[in-house]
Amino acid sequence: MNRTEGGAGGVNLDALRSHNTALVLDLLRTAGAGGISRLEVAERTGLTPQAVSKITARLREDGLAAEAGRRASTGGKPRTVLRLVPEAGHAVGVHLDRDALTAVLCDLTGAVVAERSTPLDLGAGAEPVVERAVRAVGELAADGGRPGAVLGVGVALPGPLDHRRGVLHRVTGFPQWNGFPLRDVLARRLGLPVVVDKDTNAAALGLAVGGEGASFAYLHFGAGLGGGLVIGGAVHRGSRTGAGEFGHQVVQLDGPPCGCGNRGCAEALCLAAVARGDLAGAARVLGTAAGNLVALLDVDLVLLGGRRVAAAPETFVRGVADVLGARARRAGESAVPVRAAGGGDRAVPEGAA
């Protein structure tokens, strides 16, 4: 059957080639410095050896892949092994938190090669925040005269927002951002592709790519409290990017007011506990909210991150695990594991990159 690109019911050949190239690049990335042979790539992707040869030839021509020696085979001549060239390209990840900007420059393996961090007032308005972000990206792109081009910029910040269009909604505590087209504004200023997502989704994506599993919840406790969900190996954003507004579930009726307009939200209770120096109390509230999430979604793992957790990881992991363990015992089930996520304060910008 001869299907042409753009025909009725036809295959988009450019998209197919891009997808296949992405599969090969990901295998090269996960293979590490030891590399992988073309035959192994074909076996793992299901692509024909001819297709793999064409893709890897293009990658070598573009400087993205290189030979990494030869490996003995079970028969015939030794196989040429290919590896990814990490420095051939870079991405910038920017975390616009409520009170700080953190930006990282990552190579093609995801390794951080440069970093910038500065105080930020997200409530100062679009112009100064955009200007600060543009300056940070420019500094990182020029850092050390890196030979590989910056391929794009990922920007992560508190939601809610529209991930597909890169438009912000009423960011909790900062309603003045409602309707601002952050992605398009930054893309015009930088002349680079830009993706905008919630901070927790970005961190969850980075953790998933790093091998944390196919079913977990990432709970981020920093200036606020949010969650990122990975279900079936993919970040679950919801149809309106509204999934993971974890911190704004009400856990105490008639509790303290929250910046979202409700009362008794997990975020408000956790922040209040931290303000009075009761980290164990904050951990118990976090555990209660996490228990609701686990009961609803039946995830395999709960990962904790953000600056509050990083400052006292044992307290928060123990507190959340105790609550989940007590719930599991009452139900006669095994407790869902809880641990601190890797990456520390850089989990969000790394995931954005």
# chains A, B, ... in the order shown; residues from 1 in each chain; ligands from 1
$ select_by_dssp --residues "range 62-303 of chain A" --states "alpha helix (DSSP H)" --output "PDB file with C-alpha atoms, in the first residue's frame"
ATOM      1  CA  ALA A 126       5.200  39.441  33.735  1.00  0.00           C
ATOM      2  CA  GLU A 127       7.781  41.927  32.458  1.00  0.00           C
ATOM      3  CA  PRO A 128      10.417  41.609  35.222  1.00  0.00           C
ATOM      4  CA  VAL A 129       9.940  37.852  35.555  1.00  0.00           C
ATOM      5  CA  VAL A 130      10.282  37.263  31.808  1.00  0.00           C
ATOM      6  CA  GLU A 131      13.329  39.528  31.710  1.00  0.00           C
ATOM      7  CA  ARG A 132      14.959  37.552  34.537  1.00  0.00           C
ATOM      8  CA  ALA A 133      14.257  34.255  32.775  1.00  0.00           C
ATOM      9  CA  VAL A 134      15.637  35.515  29.450  1.00  0.00           C
ATOM     10  CA  ARG A 135      18.796  36.718  31.174  1.00  0.00           C
ATOM     11  CA  ALA A 136      19.304  33.369  32.942  1.00  0.00           C
ATOM     12  CA  VAL A 137      18.903  31.399  29.709  1.00  0.00           C
ATOM     13  CA  GLY A 138      21.317  33.706  27.894  1.00  0.00           C
ATOM     14  CA  GLU A 139      23.945  33.341  30.607  1.00  0.00           C
ATOM     15  CA  LEU A 140      23.698  29.565  30.587  1.00  0.00           C
ATOM     16  CA  ALA A 141      23.754  29.341  26.788  1.00  0.00           C
ATOM     17  CA  ALA A 142      26.993  31.329  26.744  1.00  0.00           C
ATOM     18  CA  LEU A 182       4.322  32.638  28.688  1.00  0.00           C
ATOM     19  CA  ARG A 183       5.493  30.073  26.133  1.00  0.00           C
ATOM     20  CA  ASP A 184       5.004  32.317  23.098  1.00  0.00           C
ATOM     21  CA  VAL A 185       6.466  35.384  24.793  1.00  0.00           C
ATOM     22  CA  LEU A 186       9.625  33.526  25.809  1.00  0.00           C
ATOM     23  CA  ALA A 187       9.945  31.799  22.432  1.00  0.00           C
ATOM     24  CA  ARG A 188       9.890  35.204  20.686  1.00  0.00           C
ATOM     25  CA  ARG A 189      12.416  36.698  23.108  1.00  0.00           C
ATOM     26  CA  LEU A 190      14.788  33.721  23.003  1.00  0.00           C
ATOM     27  CA  ASP A 199       6.762  22.423  38.291  1.00  0.00           C
ATOM     28  CA  THR A 200       5.585  19.116  39.737  1.00  0.00           C
ATOM     29  CA  ASN A 201       4.972  17.626  36.283  1.00  0.00           C
ATOM     30  CA  ALA A 202       8.465  18.625  35.207  1.00  0.00           C
ATOM     31  CA  ALA A 203      10.027  16.963  38.249  1.00  0.00           C
ATOM     32  CA  ALA A 204       7.915  13.837  37.754  1.00  0.00           C
ATOM     33  CA  LEU A 205       9.001  13.642  34.107  1.00  0.00           C
ATOM     34  CA  GLY A 206      12.667  13.928  35.067  1.00  0.00           C
ATOM     35  CA  LEU A 207      12.301  11.203  37.681  1.00  0.00           C
ATOM     36  CA  ALA A 208      10.508   8.913  35.220  1.00  0.00           C
ATOM     37  CA  VAL A 209      13.208   9.394  32.594  1.00  0.00           C
ATOM     38  CA  ALA A 266      -3.136  20.459  52.879  1.00  0.00           C
ATOM     39  CA  GLU A 267      -0.818  23.240  51.663  1.00  0.00           C
ATOM     40  CA  ALA A 268      -2.105  25.773  54.186  1.00  0.00           C
ATOM     41  CA  LEU A 269      -1.870  23.275  57.053  1.00  0.00           C
ATOM     42  CA  CYS A 270       1.640  22.147  56.086  1.00  0.00           C
ATOM     43  CA  LEU A 271       2.917  25.718  55.761  1.00  0.00           C
ATOM     44  CA  ALA A 272       1.335  26.672  59.092  1.00  0.00           C
ATOM     45  CA  ALA A 273       3.024  23.718  60.808  1.00  0.00           C
ATOM     46  CA  VAL A 274       6.403  24.647  59.349  1.00  0.00           C
ATOM     47  CA  ALA A 275       5.923  28.284  60.428  1.00  0.00           C
ATOM     48  CA  LEU A 279       8.042  19.676  61.020  1.00  0.00           C
ATOM     49  CA  ALA A 280       6.683  16.385  62.345  1.00  0.00           C
ATOM     50  CA  GLY A 281       3.182  17.865  62.251  1.00  0.00           C
ATOM     51  CA  ALA A 282       3.725  19.049  58.675  1.00  0.00           C
ATOM     52  CA  ALA A 283       4.867  15.532  57.772  1.00  0.00           C
ATOM     53  CA  ARG A 284       1.705  14.019  59.279  1.00  0.00           C
ATOM     54  CA  VAL A 285      -0.499  16.382  57.278  1.00  0.00           C
ATOM     55  CA  LEU A 286       1.487  15.523  54.160  1.00  0.00           C
ATOM     56  CA  GLY A 287       1.036  11.849  54.977  1.00  0.00           C
ATOM     57  CA  THR A 288      -2.733  12.268  55.367  1.00  0.00           C
ATOM     58  CA  ALA A 289      -2.979  13.961  51.978  1.00  0.00           C
ATOM     59  CA  ALA A 290      -0.670  11.341  50.437  1.00  0.00           C
ATOM     60  CA  GLY A 291      -2.871   8.598  51.873  1.00  0.00           C
ATOM     61  CA  ASN A 292      -5.881  10.033  50.065  1.00  0.00           C
ATOM     62  CA  LEU A 293      -3.906  10.051  46.824  1.00  0.00           C
ATOM     63  CA  VAL A 294      -2.653   6.493  47.247  1.00  0.00           C
ATOM     64  CA  ALA A 295      -6.159   5.245  48.017  1.00  0.00           C
ATOM     65  CA  LEU A 296      -7.495   6.963  44.911  1.00  0.00           C
ATOM     66  CA  LEU A 297      -4.802   6.011  42.381  1.00  0.00           C
TER      67      LEU A 297
END
$ residues_around --residues "Leu151 in chain A" --least-positions-apart "5" --cutoff "9 Å" --atoms "only C-alpha atoms" --output "PyMOL selection string"
chain A and resi 89-92+192-193
$ write_last_selection --atoms "N, CA and C atoms" --output "CSV table (one decimal), in the first residue's frame"
chain,number,residue,atom,x,y,z
A,89,GLY,N,24.6,18.7,22.0
A,89,GLY,CA,23.4,19.6,22.2
A,89,GLY,C,23.1,19.8,23.6
A,90,HIS,N,22.4,20.9,23.9
A,90,HIS,CA,22.0,21.2,25.3
A,90,HIS,C,20.6,21.7,25.4
A,91,ALA,N,20.0,21.5,26.6
A,91,ALA,CA,18.7,22.1,26.9
A,91,ALA,C,18.8,22.9,28.2
A,92,VAL,N,18.0,23.9,28.3
A,92,VAL,CA,17.9,24.7,29.5
A,92,VAL,C,16.6,24.5,30.2
A,192,LEU,N,14.0,30.4,20.5
A,192,LEU,CA,14.2,29.0,20.7
A,192,LEU,C,12.8,28.3,21.0
A,193,PRO,N,12.7,27.0,20.7
A,193,PRO,CA,11.5,26.3,21.1
A,193,PRO,C,11.4,26.4,22.7
$ closest_residue --among "A:Val194, A:Cys258, A:Leu253, A:Leu47" --to "Gly224 in chain A" --atoms "only C-alpha atoms"
A:Cys258
$ closest_residue --among "A:Arg329, A:Pro158, A:Asp97, A:Lys198" --to "Asp345 in chain A" --atoms "only C-alpha atoms"
A:Asp97
$ select_by_dssp --residues "range 53-231 of chain A" --states "strand (DSSP E or B)" --output "ChimeraX atom specification"
/A:65-71,79-84,89-96,100-107,112-119,149-157,161-162,167-168,171,174,194-198,215-221,225-231
$ closest_residue --among "A:Val52, A:Ala223, A:Val112, A:Val299" --to "Ala100 in chain A" --atoms "only C-alpha atoms"
A:Ala223
$ closest_residue --among "A:Ala341, A:Leu108, A:Val317, A:Leu96" --to "Gly211 in chain A" --atoms "only C-alpha atoms"
A:Ala341
$ residues_around --residues "Ser53 in chain A" --least-positions-apart "3" --cutoff "10 Å" --atoms "only C-alpha atoms" --output "PyMOL selection string"
chain A and resi 38-39+41-42+47-50+56-59
$ closest_residue --among "A:Ala353, A:Ala335, A:Leu101, A:Ala310" --to "Val113 in chain A" --atoms "only C-alpha atoms"
A:Ala353
$ closest_residue --among "A:Pro160, A:Pro256, A:Gly264, A:Gly277" --to "Gly244 in chain A" --atoms "only C-alpha atoms"
A:Pro160
$ residues_around --residues "Leu304 in chain A" --least-positions-apart "3" --cutoff "7 Å" --atoms "only C-alpha atoms" --output "PyMOL selection string"
chain A and resi 218-220+309+339-341
$ atom_distance --atom1 "CA of Arg327 in chain A" --atom2 "CA of Val251 in chain A"
15.6 Å
$ residues_around --residues "range 212-215 of chain A" --least-positions-apart "6" --cutoff "8 Å" --atoms "only C-alpha atoms" --output "list in words"
Leu229, Val230, Ile231, Gly232, Gly233, Ala234, Val299, Asp300 and Leu301 of chain A
$ atom_distance --atom1 "CA of Leu16 in chain A" --atom2 "CA of Ala243 in chain A"
29.2 Å
$ decode --residues "range 250-269 of chain A" --atoms "C-alpha atoms" --output "short mmCIF file (atom, residue, chain, number, x, y, z; two decimals), in the first residue's frame"
data_model
loop_
_atom_site.label_atom_id
_atom_site.label_comp_id
_atom_site.auth_asym_id
_atom_site.auth_seq_id
_atom_site.Cartn_x
_atom_site.Cartn_y
_atom_site.Cartn_z
CA VAL A 250 -9.27 19.99 51.88
CA VAL A 251 -8.18 17.85 54.83
CA GLN A 252 -9.63 19.98 57.65
CA LEU A 253 -13.08 21.48 57.33
CA ASP A 254 -13.13 25.11 58.53
CA GLY A 255 -9.33 25.04 58.72
CA PRO A 256 -7.04 28.02 58.07
CA PRO A 257 -7.60 29.97 54.83
CA CYS A 258 -5.50 29.00 51.82
CA GLY A 259 -4.23 31.17 48.98
CA CYS A 260 -6.50 29.27 46.58
CA GLY A 261 -9.60 30.60 48.38
CA ASN A 262 -10.56 27.42 50.23
CA ARG A 263 -10.01 26.62 53.89
CA GLY A 264 -8.16 23.70 55.43
CA CYS A 265 -6.11 22.76 52.36
CA ALA A 266 -3.14 20.46 52.88
CA GLU A 267 -0.82 23.24 51.66
CA ALA A 268 -2.11 25.77 54.19
CA LEU A 269 -1.87 23.28 57.05
#
